[in-house]
file data15.cif (mmCIF, C-alpha atoms and all ligand atoms)
data_work
#
loop_
_atom_site.group_PDB
_atom_site.id
_atom_site.type_symbol
_atom_site.label_atom_id
_atom_site.label_comp_id
_atom_site.auth_asym_id
_atom_site.auth_seq_id
_atom_site.Cartn_x
_atom_site.Cartn_y
_atom_site.Cartn_z
ATOM 1 C CA MET A 15 -32.376 10.963 7.468
ATOM 2 C CA SER A 16 -29.336 9.301 8.959
ATOM 3 C CA ALA A 17 -27.724 6.513 6.921
ATOM 4 C CA GLU A 18 -27.763 2.857 7.885
ATOM 5 C CA ILE A 19 -24.316 1.870 9.160
ATOM 6 C CA LEU A 20 -22.707 -1.016 7.269
ATOM 7 C CA ASP A 21 -21.113 -3.004 10.095
ATOM 8 C CA GLY A 22 -17.869 -4.529 8.811
ATOM 9 C CA LYS A 23 -17.156 -6.252 12.117
ATOM 10 C CA LYS A 24 -20.462 -8.117 11.981
ATOM 11 C CA ILE A 25 -20.113 -9.161 8.325
ATOM 12 C CA ALA A 26 -16.488 -10.178 8.900
ATOM 13 C CA ALA A 27 -17.571 -12.326 11.865
ATOM 14 C CA GLU A 28 -20.133 -14.092 9.643
ATOM 15 C CA ILE A 29 -17.459 -14.920 7.070
ATOM 16 C CA ARG A 30 -14.971 -16.003 9.760
ATOM 17 C CA ALA A 31 -17.552 -18.441 11.146
ATOM 18 C CA GLU A 32 -17.827 -19.966 7.654
ATOM 19 C CA LEU A 33 -14.029 -20.087 7.398
ATOM 20 C CA ALA A 34 -13.674 -21.787 10.789
ATOM 21 C CA SER A 35 -15.624 -24.815 9.501
ATOM 22 C CA ALA A 36 -13.611 -24.830 6.255
ATOM 23 C CA VAL A 37 -10.381 -24.852 8.320
ATOM 24 C CA GLU A 38 -11.660 -27.741 10.432
ATOM 25 C CA SER A 39 -12.485 -29.786 7.371
ATOM 26 C CA LEU A 40 -9.063 -29.091 5.791
ATOM 27 C CA LYS A 41 -7.326 -30.046 9.051
ATOM 28 C CA ALA A 42 -9.245 -33.314 9.095
ATOM 29 C CA GLN A 43 -7.709 -33.999 5.674
ATOM 30 C CA GLY A 44 -4.209 -33.233 6.979
ATOM 31 C CA ALA A 45 -3.892 -29.749 5.457
ATOM 32 C CA THR A 46 -3.798 -26.967 8.070
ATOM 33 C CA PRO A 47 -3.934 -23.643 6.161
ATOM 34 C CA GLY A 48 -0.721 -21.680 6.797
ATOM 35 C CA LEU A 49 0.163 -18.022 6.286
ATOM 36 C CA GLY A 50 3.739 -16.737 6.068
ATOM 37 C CA VAL A 51 4.005 -13.096 7.111
ATOM 38 C CA VAL A 52 6.927 -10.838 6.159
ATOM 39 C CA LEU A 53 7.239 -7.468 7.899
ATOM 40 C CA VAL A 54 10.262 -5.278 7.207
ATOM 41 C CA GLY A 55 11.025 -2.202 9.335
ATOM 42 C CA ASP A 56 9.158 -0.536 12.167
ATOM 43 C CA ASP A 57 6.237 1.396 10.709
ATOM 44 C CA PRO A 58 3.713 1.411 13.611
ATOM 45 C CA ALA A 59 0.622 1.061 11.386
ATOM 46 C CA SER A 60 2.171 -1.920 9.550
ATOM 47 C CA HIS A 61 3.008 -3.544 12.897
ATOM 48 C CA SER A 62 -0.567 -3.265 14.087
ATOM 49 C CA TYR A 63 -1.946 -4.655 10.770
ATOM 50 C CA VAL A 64 0.423 -7.619 10.895
ATOM 51 C CA THR A 65 -0.401 -8.349 14.534
ATOM 52 C CA ALA A 66 -4.120 -8.342 13.652
ATOM 53 C CA LYS A 67 -3.502 -10.701 10.715
ATOM 54 C CA GLU A 68 -1.574 -13.146 12.913
ATOM 55 C CA GLN A 69 -4.283 -13.004 15.591
ATOM 56 C CA ALA A 70 -6.932 -13.774 12.941
ATOM 57 C CA CYS A 71 -4.930 -16.889 11.927
ATOM 58 C CA LYS A 72 -4.750 -18.015 15.541
ATOM 59 C CA ASP A 73 -8.473 -17.436 16.100
ATOM 60 C CA LEU A 74 -9.301 -19.629 13.091
ATOM 61 C CA GLY A 75 -6.925 -22.423 14.105
ATOM 62 C CA MET A 76 -4.576 -21.715 11.177
ATOM 63 C CA PHE A 77 -0.796 -21.871 11.176
ATOM 64 C CA SER A 78 1.196 -18.640 10.864
ATOM 65 C CA ASP A 79 4.903 -18.075 10.424
ATOM 66 C CA ASP A 80 6.034 -14.638 11.531
ATOM 67 C CA ASN A 81 9.113 -13.123 9.845
ATOM 68 C CA ARG A 82 10.177 -9.678 11.056
ATOM 69 C CA LEU A 83 13.236 -8.016 9.568
ATOM 70 C CA PRO A 84 14.897 -4.709 10.511
ATOM 71 C CA ALA A 85 14.478 -1.643 8.246
ATOM 72 C CA THR A 86 18.140 -2.116 7.306
ATOM 73 C CA ALA A 87 17.473 -5.547 5.725
ATOM 74 C CA SER A 88 18.869 -5.906 2.212
ATOM 75 C CA GLN A 89 16.905 -6.869 -0.879
ATOM 76 C CA ASP A 90 18.624 -10.284 -0.857
ATOM 77 C CA GLU A 91 17.694 -10.895 2.768
ATOM 78 C CA VAL A 92 14.034 -10.156 2.055
ATOM 79 C CA LEU A 93 14.077 -12.316 -1.091
ATOM 80 C CA ALA A 94 15.654 -15.182 0.877
ATOM 81 C CA VAL A 95 12.750 -15.152 3.360
ATOM 82 C CA VAL A 96 10.199 -15.123 0.510
ATOM 83 C CA GLU A 97 12.002 -18.019 -1.175
ATOM 84 C CA ARG A 98 12.012 -20.068 2.033
ATOM 85 C CA LEU A 99 8.237 -19.516 2.368
ATOM 86 C CA ASN A 100 7.750 -20.397 -1.333
ATOM 87 C CA ARG A 101 9.346 -23.793 -0.638
ATOM 88 C CA ASP A 102 7.711 -24.485 2.735
ATOM 89 C CA PRO A 103 4.797 -26.932 2.232
ATOM 90 C CA ARG A 104 3.161 -25.761 5.500
ATOM 91 C CA ILE A 105 2.696 -22.309 3.945
ATOM 92 C CA HIS A 106 -0.227 -21.719 1.560
ATOM 93 C CA GLY A 107 -0.220 -17.938 1.595
ATOM 94 C CA ILE A 108 2.565 -15.346 1.720
ATOM 95 C CA LEU A 109 1.913 -11.812 2.875
ATOM 96 C CA VAL A 110 4.608 -9.176 2.412
ATOM 97 C CA GLN A 111 3.329 -6.159 4.333
ATOM 98 C CA LEU A 112 3.513 -2.966 2.284
ATOM 99 C CA PRO A 113 4.957 -0.410 2.074
ATOM 100 C CA LEU A 114 8.505 -1.777 2.243
ATOM 101 C CA PRO A 115 11.177 0.593 3.585
ATOM 102 C CA LYS A 116 12.839 2.913 1.070
ATOM 103 C CA GLY A 117 15.692 1.318 -0.839
ATOM 104 C CA LEU A 118 13.919 -2.024 -1.302
ATOM 105 C CA ASP A 119 12.462 -2.903 -4.703
ATOM 106 C CA GLU A 120 8.837 -3.611 -3.801
ATOM 107 C CA SER A 121 7.853 -4.729 -7.255
ATOM 108 C CA ALA A 122 10.709 -7.290 -7.420
ATOM 109 C CA VAL A 123 9.739 -8.663 -3.998
ATOM 110 C CA LEU A 124 6.092 -9.076 -5.053
ATOM 111 C CA ARG A 125 7.186 -10.838 -8.262
ATOM 112 C CA ALA A 126 9.272 -13.273 -6.179
ATOM 113 C CA VAL A 127 6.184 -14.643 -4.391
ATOM 114 C CA ARG A 128 5.020 -17.903 -5.994
ATOM 115 C CA PRO A 129 1.703 -16.962 -7.693
ATOM 116 C CA GLU A 130 -0.018 -20.027 -6.160
ATOM 117 C CA LYS A 131 0.783 -18.565 -2.703
ATOM 118 C CA ASP A 132 0.081 -14.924 -3.565
ATOM 119 C CA VAL A 133 -2.926 -14.483 -1.270
ATOM 120 C CA ASP A 134 -2.607 -10.685 -1.486
ATOM 121 C CA GLY A 135 -3.221 -10.896 -5.248
ATOM 122 C CA PHE A 136 -0.354 -8.500 -6.034
ATOM 123 C CA HIS A 137 1.766 -10.714 -8.340
ATOM 124 C CA PRO A 138 1.430 -9.580 -12.004
ATOM 125 C CA MET A 139 0.202 -13.100 -12.859
ATOM 126 C CA ASN A 140 -2.737 -12.762 -10.449
ATOM 127 C CA VAL A 141 -3.415 -9.165 -11.505
ATOM 128 C CA GLY A 142 -3.597 -10.235 -15.167
ATOM 129 C CA ARG A 143 -5.809 -13.235 -14.431
ATOM 130 C CA MET A 144 -8.140 -11.069 -12.350
ATOM 131 C CA VAL A 145 -8.446 -8.489 -15.172
ATOM 132 C CA ILE A 146 -9.448 -11.123 -17.754
ATOM 133 C CA GLY A 147 -11.889 -12.760 -15.317
ATOM 134 C CA ALA A 148 -9.901 -16.008 -14.875
ATOM 135 C CA GLU A 149 -9.505 -17.785 -11.508
ATOM 136 C CA ALA A 150 -7.194 -15.640 -9.376
ATOM 137 C CA PHE A 151 -6.602 -14.457 -5.834
ATOM 138 C CA TRP A 152 -8.421 -11.142 -5.547
ATOM 139 C CA PRO A 153 -6.683 -8.424 -3.504
ATOM 140 C CA CYS A 154 -8.130 -8.425 -0.007
ATOM 141 C CA THR A 155 -9.526 -4.904 0.350
ATOM 142 C CA PRO A 156 -11.398 -4.875 -3.000
ATOM 143 C CA HIS A 157 -12.636 -8.407 -2.261
ATOM 144 C CA GLY A 158 -13.805 -7.254 1.188
ATOM 145 C CA VAL A 159 -15.659 -4.254 -0.263
ATOM 146 C CA ILE A 160 -17.487 -6.489 -2.759
ATOM 147 C CA GLN A 161 -18.429 -9.013 -0.041
ATOM 148 C CA MET A 162 -19.656 -6.210 2.180
ATOM 149 C CA LEU A 163 -21.918 -4.778 -0.537
ATOM 150 C CA ALA A 164 -23.191 -8.235 -1.523
ATOM 151 C CA ARG A 165 -23.984 -9.276 2.047
ATOM 152 C CA SER A 166 -25.711 -5.946 2.817
ATOM 153 C CA GLY A 167 -28.059 -6.317 -0.140
ATOM 154 C CA VAL A 168 -26.504 -3.458 -2.142
ATOM 155 C CA ARG A 169 -26.882 -4.286 -5.831
ATOM 156 C CA THR A 170 -23.961 -3.275 -8.017
ATOM 157 C CA GLU A 171 -25.499 -4.647 -11.227
ATOM 158 C CA GLY A 172 -26.271 -1.689 -13.498
ATOM 159 C CA ALA A 173 -25.293 0.798 -10.782
ATOM 160 C CA HIS A 174 -22.906 3.689 -11.342
ATOM 161 C CA VAL A 175 -19.972 3.067 -9.021
ATOM 162 C CA VAL A 176 -17.538 5.949 -8.592
ATOM 163 C CA ILE A 177 -14.169 5.045 -7.087
ATOM 164 C CA VAL A 178 -11.890 7.756 -5.713
ATOM 165 C CA GLY A 179 -8.279 6.545 -5.819
ATOM 166 C CA ARG A 180 -6.270 4.541 -8.353
ATOM 167 C CA SER A 181 -3.790 2.602 -6.224
ATOM 168 C CA ASN A 182 -2.642 -0.882 -7.231
ATOM 169 C CA ILE A 183 -3.932 -2.169 -3.874
ATOM 170 C CA VAL A 184 -7.485 -0.769 -3.942
ATOM 171 C CA GLY A 185 -8.705 1.546 -6.722
ATOM 172 C CA LYS A 186 -7.414 -0.250 -9.828
ATOM 173 C CA PRO A 187 -8.325 -3.809 -8.816
ATOM 174 C CA LEU A 188 -11.728 -2.729 -7.469
ATOM 175 C CA ALA A 189 -12.555 -0.949 -10.749
ATOM 176 C CA ASN A 190 -11.613 -4.084 -12.703
ATOM 177 C CA LEU A 191 -13.592 -6.444 -10.464
ATOM 178 C CA LEU A 192 -16.738 -4.289 -10.505
ATOM 179 C CA LEU A 193 -16.826 -4.029 -14.276
ATOM 180 C CA GLN A 194 -16.645 -7.805 -14.843
ATOM 181 C CA LYS A 195 -19.792 -9.360 -16.286
ATOM 182 C CA ALA A 196 -20.354 -11.378 -13.117
ATOM 183 C CA PRO A 197 -22.596 -11.518 -10.042
ATOM 184 C CA HIS A 198 -21.953 -8.728 -7.512
ATOM 185 C CA ALA A 199 -20.247 -6.751 -10.293
ATOM 186 C CA ASN A 200 -21.543 -5.667 -13.743
ATOM 187 C CA ALA A 201 -21.421 -1.997 -12.730
ATOM 188 C CA THR A 202 -20.690 1.145 -14.707
ATOM 189 C CA VAL A 203 -17.411 2.287 -13.188
ATOM 190 C CA THR A 204 -15.813 5.732 -13.024
ATOM 191 C CA VAL A 205 -12.395 6.208 -11.396
ATOM 192 C CA CYS A 206 -11.391 9.632 -10.005
ATOM 193 C CA HIS A 207 -7.883 10.499 -8.827
ATOM 194 C CA THR A 208 -5.607 13.411 -7.987
ATOM 195 C CA GLY A 209 -5.580 14.430 -11.663
ATOM 196 C CA THR A 210 -9.397 14.665 -11.831
ATOM 197 C CA ARG A 211 -10.788 18.168 -12.456
ATOM 198 C CA ASP A 212 -13.980 18.974 -10.482
ATOM 199 C CA MET A 213 -14.185 15.690 -8.598
ATOM 200 C CA GLY A 214 -17.598 16.583 -7.140
ATOM 201 C CA TYR A 215 -19.094 16.582 -10.656
ATOM 202 C CA PHE A 216 -18.330 12.849 -10.837
ATOM 203 C CA THR A 217 -18.921 11.809 -7.217
ATOM 204 C CA ARG A 218 -22.404 13.400 -7.222
ATOM 205 C CA GLN A 219 -23.387 10.951 -9.970
ATOM 206 C CA ALA A 220 -22.501 7.885 -7.894
ATOM 207 C CA ASP A 221 -25.105 5.363 -6.798
ATOM 208 C CA ILE A 222 -22.225 3.763 -4.896
ATOM 209 C CA LEU A 223 -19.239 5.914 -3.912
ATOM 210 C CA ILE A 224 -16.064 4.090 -2.829
ATOM 211 C CA VAL A 225 -13.293 6.251 -1.414
ATOM 212 C CA ALA A 226 -9.664 5.102 -1.156
ATOM 213 C CA ALA A 227 -7.779 8.365 -1.415
ATOM 214 C CA GLY A 228 -5.683 8.251 1.783
ATOM 215 C CA ARG A 229 -6.657 11.763 2.915
ATOM 216 C CA PRO A 230 -9.217 12.789 5.584
ATOM 217 C CA LYS A 231 -12.302 14.718 4.366
ATOM 218 C CA THR A 232 -11.564 14.029 0.691
ATOM 219 C CA ILE A 233 -15.357 13.614 0.417
ATOM 220 C CA THR A 234 -17.603 16.275 1.924
ATOM 221 C CA ALA A 235 -21.412 16.244 2.036
ATOM 222 C CA ASP A 236 -21.795 18.491 -1.043
ATOM 223 C CA MET A 237 -20.015 15.804 -3.105
ATOM 224 C CA VAL A 238 -22.567 13.071 -2.322
ATOM 225 C CA ARG A 239 -25.950 12.463 -3.905
ATOM 226 C CA ASP A 240 -28.967 11.959 -1.618
ATOM 227 C CA GLY A 241 -29.428 8.240 -0.957
ATOM 228 C CA ALA A 242 -26.002 7.130 -2.227
ATOM 229 C CA VAL A 243 -24.183 4.174 -0.649
ATOM 230 C CA VAL A 244 -20.790 5.357 0.665
ATOM 231 C CA VAL A 245 -17.868 2.994 1.343
ATOM 232 C CA ASP A 246 -14.878 4.560 3.109
ATOM 233 C CA VAL A 247 -11.642 2.597 2.630
ATOM 234 C CA GLY A 248 -9.432 5.295 4.217
ATOM 235 C CA VAL A 249 -7.502 4.695 7.426
ATOM 236 C CA ASN A 250 -5.816 7.875 8.672
ATOM 237 C CA ARG A 251 -4.420 8.748 12.092
ATOM 238 C CA ALA A 252 -5.814 12.060 13.398
ATOM 239 C CA PRO A 253 -4.161 13.607 16.474
ATOM 240 C CA ASP A 254 -6.423 13.223 19.524
ATOM 241 C CA PRO A 255 -4.958 14.180 22.909
ATOM 242 C CA SER A 256 -7.916 12.551 24.700
ATOM 243 C CA LYS A 257 -6.689 9.108 23.542
ATOM 244 C CA LYS A 258 -3.917 7.215 25.303
ATOM 245 C CA SER A 259 -2.252 6.562 21.920
ATOM 246 C CA GLY A 260 -2.524 10.286 21.040
ATOM 247 C CA PHE A 261 -4.503 9.599 17.868
ATOM 248 C CA ARG A 262 -7.778 8.220 16.569
ATOM 249 C CA LEU A 263 -8.558 6.561 13.262
ATOM 250 C CA VAL A 264 -10.548 8.499 10.668
ATOM 251 C CA GLY A 265 -11.486 7.639 7.101
ATOM 252 C CA ASP A 266 -11.406 9.703 3.908
ATOM 253 C CA VAL A 267 -15.074 10.744 4.205
ATOM 254 C CA ASP A 268 -16.475 13.540 6.377
ATOM 255 C CA PHE A 269 -18.552 10.914 8.196
ATOM 256 C CA GLU A 270 -20.833 13.035 10.392
ATOM 257 C CA ALA A 271 -21.996 15.279 7.526
ATOM 258 C CA VAL A 272 -22.121 12.596 4.815
ATOM 259 C CA ARG A 273 -24.161 10.144 6.938
ATOM 260 C CA GLU A 274 -27.041 12.664 6.778
ATOM 261 C CA LYS A 275 -27.166 12.323 2.963
ATOM 262 C CA ALA A 276 -26.205 8.716 2.298
ATOM 263 C CA SER A 277 -28.600 5.763 2.556
ATOM 264 C CA LYS A 278 -25.839 3.429 3.804
ATOM 265 C CA ILE A 279 -22.315 4.225 4.962
ATOM 266 C CA THR A 280 -19.321 2.338 6.381
ATOM 267 C CA PRO A 281 -17.719 3.688 9.588
ATOM 268 C CA VAL A 282 -13.970 3.982 10.286
ATOM 269 C CA PRO A 283 -12.932 2.008 12.255
ATOM 270 C CA GLY A 284 -15.236 -1.021 12.037
ATOM 271 C CA GLY A 285 -16.088 -0.825 8.334
ATOM 272 C CA VAL A 286 -13.827 -2.070 5.556
ATOM 273 C CA GLY A 287 -10.832 -2.764 7.876
ATOM 274 C CA PRO A 288 -12.109 -6.020 9.445
ATOM 275 C CA MET A 289 -13.208 -7.183 5.971
ATOM 276 C CA THR A 290 -9.682 -6.840 4.534
ATOM 277 C CA ILE A 291 -8.119 -9.152 7.119
ATOM 278 C CA THR A 292 -10.979 -11.610 6.763
ATOM 279 C CA MET A 293 -10.519 -11.858 2.998
ATOM 280 C CA LEU A 294 -6.809 -12.560 3.538
ATOM 281 C CA MET A 295 -7.867 -15.535 5.668
ATOM 282 C CA TYR A 296 -10.378 -16.498 2.982
ATOM 283 C CA ASN A 297 -7.692 -16.482 0.268
ATOM 284 C CA THR A 298 -5.314 -18.505 2.454
ATOM 285 C CA VAL A 299 -7.964 -21.144 3.134
ATOM 286 C CA GLU A 300 -8.767 -21.224 -0.597
ATOM 287 C CA SER A 301 -5.065 -21.642 -1.380
ATOM 288 C CA ALA A 302 -4.811 -24.573 1.053
ATOM 289 C CA ARG A 303 -7.843 -26.151 -0.619
ATOM 290 C CA ARG A 304 -6.191 -25.777 -4.055
ATOM 291 C CA ALA A 305 -2.886 -27.212 -2.771
ATOM 292 C CA LEU A 306 -4.736 -30.230 -1.404
ATOM 293 C CA ALA A 307 -6.514 -30.680 -4.743
ATOM 294 C CA ARG A 308 -3.089 -30.637 -6.483
ATOM 295 C CA GLY A 309 -1.980 -33.394 -4.133
ATOM 296 C CA GLU A 310 0.363 -31.118 -2.118
ATOM 297 C CA ARG A 311 0.304 -31.329 1.658
HETATM 298 N N1 LIG B 1 -0.557 -2.352 3.016
HETATM 299 C C1 LIG B 1 -1.761 -1.721 2.924
HETATM 300 N N2 LIG B 1 -2.711 -2.582 2.510
HETATM 301 C C2 LIG B 1 -2.108 -3.765 2.322
HETATM 302 C C3 LIG B 1 -2.573 -5.046 1.910
HETATM 303 O O1 LIG B 1 -3.746 -5.280 1.582
HETATM 304 N N3 LIG B 1 -1.638 -6.022 1.866
HETATM 305 C C4 LIG B 1 -0.345 -5.795 2.175
HETATM 306 N N4 LIG B 1 0.493 -6.810 2.082
HETATM 307 N N5 LIG B 1 0.125 -4.635 2.565
HETATM 308 C C5 LIG B 1 -0.764 -3.624 2.645
#
call {"tool": "encode", "arguments": {"input": "data15.cif", "output": "structure tokens"}}
result
Amino acid sequence: MSAEILDGKKIAAEIRAELASAVESLKAQGATPGLGVVLVGDDPASHSYVTAKEQACKDLGMFSDDNRLPATASQDEVLAVVERLNRDPRIHGILVQLPLPKGLDESAVLRAVRPEKDVDGFHPMNVGRMVIGAEAFWPCTPHGVIQMLARSGVRTEGAHVVIVGRSNIVGKPLANLLLQKAPHANATVTVCHTGTRDMGYFTRQADILIVAAGRPKTITADMVRDGAVVVDVGVNRAPDPSKKSGFRLVGDVDFEAVREKASKITPVPGGVGPMTITMLMYNTVESARRALARGER
């Protein structure tokens, strides 16, 4: 049996329609949600992500402030841009696209973002609040994965979720969110990583398998239990001479083989990707709402 495809584009469009009315209502109250984007260097993948994020702002009628710096920018130059965005009342969310070029202190830059504007959820203050279950901005990809499961009727409560990957952006926050005693969470969570011996032993026990390893075909069909739900967070460029760009996007899962075993599966592209950008918009709208409630305009 071939798995049902979890359509990230469709679910993202549903959420964006909800956000469009939230933006309208905030605008009527004099608070247009604004996102400040910081992109350093010329990594092609980062450029295309940032362009998509700015387009999403435009589509929703939000304000965006684009800041592009050369790869040679100094730490102080990057910090100065962040500080200007921290102080700008039109800006409710700040996005520093990662990875930063070598030589820049990524962790110091993320700590410089005002936590109230940290819509990526990467500031240690937000990470800590998320872990203890307090109000926080949730990182966009984990948040998108949870929304996707919830809106597709996949129950995480009591399920065994196996996550492959332990990055600060996806694996670690997702594991923490899914183990909270909360709706759309309350799962038993196992995290596998490059130090895991016999990964298949663990992944075969997953009711829900979430893969964020950053390597094509990390998960092959023999590693998946019949009827499992498979979420592929990977975005890799595979050479493809038939494409004008010379590459095509593939995930971390051997899609064609695994779809014959899974009950539901996300494609790449068109799965988690559109959800990530949508949750960034969601966090920015939420931040504007909080700023308005604090009496800031
Ligand atoms: N690079 C890869 N994923 C992300 C993300 O979610 N946010 C930012 N800022 N950079 C990224």
call {"tool": "axis_aligned_box", "arguments": {"input": "data15.cif", "around": "ligand LIG 1 (chain B)", "padding_each_side": "3 Å", "output": "AutoDock Vina command-line options"}}
result
--center_x -1.6 --center_y -4.3 --center_z 2.3 --size_x 10.2 --size_y 11.1 --size_z 7.4
call {"tool": "residues_near_ligand", "arguments": {"input": "data15.cif", "ligand": "ligand LIG 1 (chain B)", "cutoff": "9 Å", "atoms": "all atoms listed in the file", "output": "list in words"}}
result
Val51, Val52, Leu53, Ser60, Tyr63, Val64, Ile108, Leu109, Val110, Gln111, Leu112, Pro113, Leu114, Asp134, Gly135, Phe136, Pro153, Cys154, Thr155, Pro156, Ile183, Val184, Thr290, Ile291 and Leu294 of chain A
call {"tool": "resolve_selection", "arguments": {"input": "data15.cif", "expression": "the PyMOL selection byres (((chain A and resi 121) around 12) and not hetatm)", "output": "list in words"}}
result
Gln89, Leu93, Val110, Leu112, Pro113, Leu114, Gly117, Leu118, Asp119, Glu120, Ala122, Val123, Leu124, Arg125, Ala126, Val127, Phe136, His137, Pro138 and Asn182 of chain A
call {"tool": "write_last_selection", "arguments": {"input": "data15.cif", "atoms": "C-alpha atoms", "output": "PDB file, in the coordinates of the input"}}
result
ATOM      1  CA  GLN A  89      16.905  -6.869  -0.879  1.00  0.00           C
ATOM      2  CA  LEU A  93      14.077 -12.316  -1.091  1.00  0.00           C
ATOM      3  CA  VAL A 110       4.608  -9.176   2.412  1.00  0.00           C
ATOM      4  CA  LEU A 112       3.513  -2.966   2.284  1.00  0.00           C
ATOM      5  CA  PRO A 113       4.957  -0.410   2.074  1.00  0.00           C
ATOM      6  CA  LEU A 114       8.505  -1.777   2.243  1.00  0.00           C
ATOM      7  CA  GLY A 117      15.692   1.318  -0.839  1.00  0.00           C
ATOM      8  CA  LEU A 118      13.919  -2.024  -1.302  1.00  0.00           C
ATOM      9  CA  ASP A 119      12.462  -2.903  -4.703  1.00  0.00           C
ATOM     10  CA  GLU A 120       8.837  -3.611  -3.801  1.00  0.00           C
ATOM     11  CA  ALA A 122      10.709  -7.290  -7.420  1.00  0.00           C
ATOM     12  CA  VAL A 123       9.739  -8.663  -3.998  1.00  0.00           C
ATOM     13  CA  LEU A 124       6.092  -9.076  -5.053  1.00  0.00           C
ATOM     14  CA  ARG A 125       7.186 -10.838  -8.262  1.00  0.00           C
ATOM     15  CA  ALA A 126       9.272 -13.273  -6.179  1.00  0.00           C
ATOM     16  CA  VAL A 127       6.184 -14.643  -4.391  1.00  0.00           C
ATOM     17  CA  PHE A 136      -0.354  -8.500  -6.034  1.00  0.00           C
ATOM     18  CA  HIS A 137       1.766 -10.714  -8.340  1.00  0.00           C
ATOM     19  CA  PRO A 138       1.430  -9.580 -12.004  1.00  0.00           C
ATOM     20  CA  ASN A 182      -2.642  -0.882  -7.231  1.00  0.00           C
TER      21      ASN A 182
END
call {"tool": "closest_atom_pairs", "arguments": {"input": "data15.cif", "of": "region 90-205 of chain A", "to": "region 25-33 of chain A", "cutoff": "9 Å", "atoms": "all atoms listed in the file", "output": "JSON lines"}}
result
{"residue": "A:Gly158", "atom": "CA", "partner": "A:Ala26", "partner_atom": "CA", "distance": 8.7}
{"residue": "A:Gln161", "atom": "CA", "partner": "A:Ile25", "partner_atom": "CA", "distance": 8.5}
{"residue": "A:Met162", "atom": "CA", "partner": "A:Ile25", "partner_atom": "CA", "distance": 6.8}
{"residue": "A:Arg165", "atom": "CA", "partner": "A:Ile25", "partner_atom": "CA", "distance": 7.4}
{"residue": "A:Ser166", "atom": "CA", "partner": "A:Ile25", "partner_atom": "CA", "distance": 8.5}
call {"tool": "residues_around", "arguments": {"input": "data15.cif", "residues": "Pro288 (chain A)", "least_positions_apart": "3", "cutoff": "8 Å", "atoms": "all atoms listed in the file", "output": "list of chain:residue names"}}
result
A:Gly22, A:Lys23, A:Ala26, A:Gly284, A:Gly285, A:Ile291, A:Thr292
call {"tool": "atom_distance", "arguments": {"input": "data15.cif", "atom1": "CA of Met76 (chain A)", "atom2": "CA of Leu191 (chain A)"}}
result
28.0 Å
call {"tool": "atom_distance", "arguments": {"input": "data15.cif", "atom1": "CA of Pro84 (chain A)", "atom2": "CA of Arg128 (chain A)"}}
result
23.3 Å
call {"tool": "resolve_selection", "arguments": {"input": "data15.cif", "expression": "the PyMOL selection byres (((chain A and resi 299) around 10) and not hetatm)", "output": "PyMOL selection string"}}
result
chain A and resi 33-34+36-37+40+45-49+76+106-107+133+293-298+300-305
call {"tool": "resolve_selection", "arguments": {"input": "data15.cif", "expression": "the PyMOL selection byres (((chain A and resi 172) around 9) and not hetatm)", "output": "number ranges by chain"}}
result
A: 169-171, 173-174, 199-202
call {"tool": "write_last_selection", "arguments": {"input": "data15.cif", "atoms": "C-alpha atoms", "output": "compact mmCIF listing (two decimals), in the coordinates of the input"}}
result
# COMPACT_ATOMS: atom_id res chain seq x y z
CA ARG A 169 -26.88 -4.29 -5.83
CA THR A 170 -23.96 -3.28 -8.02
CA GLU A 171 -25.50 -4.65 -11.23
CA ALA A 173 -25.29 0.80 -10.78
CA HIS A 174 -22.91 3.69 -11.34
CA ALA A 199 -20.25 -6.75 -10.29
CA ASN A 200 -21.54 -5.67 -13.74
CA ALA A 201 -21.42 -2.00 -12.73
CA THR A 202 -20.69 1.14 -14.71
call {"tool": "atom_distance", "arguments": {"input": "data15.cif", "atom1": "CA of Ala252 (chain A)", "atom2": "CA of Val175 (chain A)"}}
result
28.0 Å
call {"tool": "closest_residue", "arguments": {"input": "data15.cif", "among": "A:Thr86, A:Gln43, A:Ser62, A:Thr204", "to": "Ile177 (chain A)", "atoms": "all atoms listed in the file"}}
result
A:Thr204
call {"tool": "residues_around", "arguments": {"input": "data15.cif", "residues": "Gly248 (chain A)", "least_positions_apart": "2", "cutoff": "9 Å", "atoms": "only C-alpha atoms", "output": "VMD selection string"}}
result
chain A and resid 225 to 230 246 250 264 to 267 282 286 to 287
call {"tool": "closest_residue", "arguments": {"input": "data15.cif", "among": "A:Lys195, A:Arg251, A:His157, A:Lys231", "to": "Pro58 (chain A)", "atoms": "all atoms listed in the file"}}
result
A:Arg251
call {"tool": "closest_residue", "arguments": {"input": "data15.cif", "among": "A:Ala307, A:Val245, A:Val145, A:Val95", "to": "Asp21 (chain A)", "atoms": "all atoms listed in the file"}}
result
A:Val245
call {"tool": "build_atoms", "arguments": {"input": "data15.cif", "residues": "region 153-157 of chain A", "atoms": "N, CA and C atoms", "output": "PDB file, keeping the file's coordinate frame"}}
result
ATOM      1  N   PRO A 153      -7.249  -9.208  -4.608  1.00  0.00           N
ATOM      2  CA  PRO A 153      -6.683  -8.424  -3.504  1.00  0.00           C
ATOM      3  C   PRO A 153      -7.724  -8.240  -2.395  1.00  0.00           C
ATOM      4  N   CYS A 154      -7.235  -8.253  -1.153  1.00  0.00           N
ATOM      5  CA  CYS A 154      -8.130  -8.425  -0.007  1.00  0.00           C
ATOM      6  C   CYS A 154      -9.085  -7.255   0.233  1.00  0.00           C
ATOM      7  N   THR A 155      -8.620  -6.027   0.070  1.00  0.00           N
ATOM      8  CA  THR A 155      -9.526  -4.904   0.350  1.00  0.00           C
ATOM      9  C   THR A 155     -10.637  -4.820  -0.700  1.00  0.00           C
ATOM     10  N   PRO A 156     -10.321  -4.858  -2.015  1.00  0.00           N
ATOM     11  CA  PRO A 156     -11.398  -4.875  -3.000  1.00  0.00           C
ATOM     12  C   PRO A 156     -12.362  -6.053  -2.792  1.00  0.00           C
ATOM     13  N   HIS A 157     -11.808  -7.228  -2.499  1.00  0.00           N
ATOM     14  CA  HIS A 157     -12.636  -8.407  -2.261  1.00  0.00           C
ATOM     15  C   HIS A 157     -13.560  -8.165  -1.058  1.00  0.00           C
TER      16      HIS A 157
END
